[in-house]
Amino acid sequence: MSGPDTFVKIPKDRVGTLIGPEGKVKQEIEAKLNVKVDIDKEGSVTIALPENAPDPSLLLKAKDVVTAIGRGFTPETAFRLIRNEDEIFDMIDLRLIFGRSESDIKRIKGRIIGTEGKTRKLIEELTEADVVVYGHTVGIIGSFEEADAARNAVQMIVEGCEHHTVYNYLQKKRTELKKQKLDLWEKPPVDK
């Protein structure tokens with residue numbers, strides 16, 4: 001008998017990546033998050049917690065890792081979610097914005113990626129988040145602040161802002177994020 005479980009559907013072409021060579025990726029998810037992962041060849045994934053699972057939130061973390069791999073992230077990048085509890089997975093579904101218009105989705109994906117991947121790389125460099133454009137989605141992994149800045153940049157592109165406006169926003173955000181990190185390092189812990 002097992003505890004609660006959750007279901008995720010991933011694209012068929014990502015099933016092999018989720019399983020990994022000799023099942024290593026699937027095994028690592030199961031071992032590090034204390035879950036059971038069942039994957040079928042059509043991309044249906046069931047994630048279950050054991051009956052006596054100490055932390056039910058691991059089910060949600062496992063779902064995010066599986067979804068991230070399914071939406072184009074490498075397992076190593078998706079494992080950021082396991083290594084650092086402050087990391088989050090965010091996903092923008094372009095179909096929710098453009099409906100099923102393939103031409104609009106293709107155009108906006110091109111704007112998000114940019115010439116030779118320049119725009120996507122800049123979003124990653126300036127926010128320190130990882131960004132993947134795959135199918136009809138944009139996936140983001142980073143701290144809450146990093147992911148929020150990356151999401152805002154993507155949203156600006158979707159809304160039609162010029163790239164230089166987005167780059168200026170990202171530069172400003174990078175300065176703010178660096179200042180926040182410095183402030184955290186400089187403040188001594190408060191004794192009570």
# chains A, B, ... in the order shown; residues from 1 in each chain; ligands from 1
>>> closest_atom_pairs(of="segment 73-140 of chain A", to="segment 33-51 of chain A", cutoff="12 Å", atoms="only C-alpha atoms", output="tab-separated table")
residue	atom	partner	partner_atom	distance
A:Phe79	CA	A:Leu33	CA	10.7
A:Leu81	CA	A:Leu33	CA	10.7
A:Ile82	CA	A:Leu33	CA	7.8
A:Arg83	CA	A:Leu33	CA	10.6
A:Glu85	CA	A:Leu33	CA	11.8
>>> residues_around(residues="Thr119 of chain A", least_positions_apart="3", cutoff="10 Å", atoms="only C-alpha atoms", output="ChimeraX atom specification")
/A:110-116,122-125,153-154,157,163,166-167
>>> closest_atom_pairs(of="segment 86-173 of chain A", to="segment 10-20 of chain A", cutoff="12 Å", atoms="only C-alpha atoms", output="tab-separated table")
residue	atom	partner	partner_atom	distance
A:Tyr134	CA	A:Pro11	CA	10.3
A:Gly135	CA	A:Pro11	CA	9.3
A:His136	CA	A:Pro11	CA	11.4
A:Thr137	CA	A:Pro11	CA	11.9
>>> select_by_dssp(residues="segment 85-141 of chain A", states="strand (DSSP E or B)", output="list in words")
Glu87, Ile88, Phe89, Asp90, Met91, Ile92, Asp93, Asp130, Val131, Val132, Val133, Tyr134, Thr137, Val138, Gly139, Ile140 and Ile141 of chain A
>>> select_by_dssp(residues="segment 15-54 of chain A", states="alpha helix (DSSP H)", output="PyMOL selection string")
chain A and resi 15-19+24-33
>>> closest_residue(among="A:Glu145, A:Ser103, A:Pro54, A:Val158", to="Lys181 of chain A", atoms="only C-alpha atoms")
A:Glu145
>>> residues_around(residues="Phe73 of chain A", least_positions_apart="2", cutoff="12 Å", atoms="only C-alpha atoms", output="MDAnalysis selection string")
chainID A and resid 14 17:18 64:71 75:81 89:91 130:134 137:141
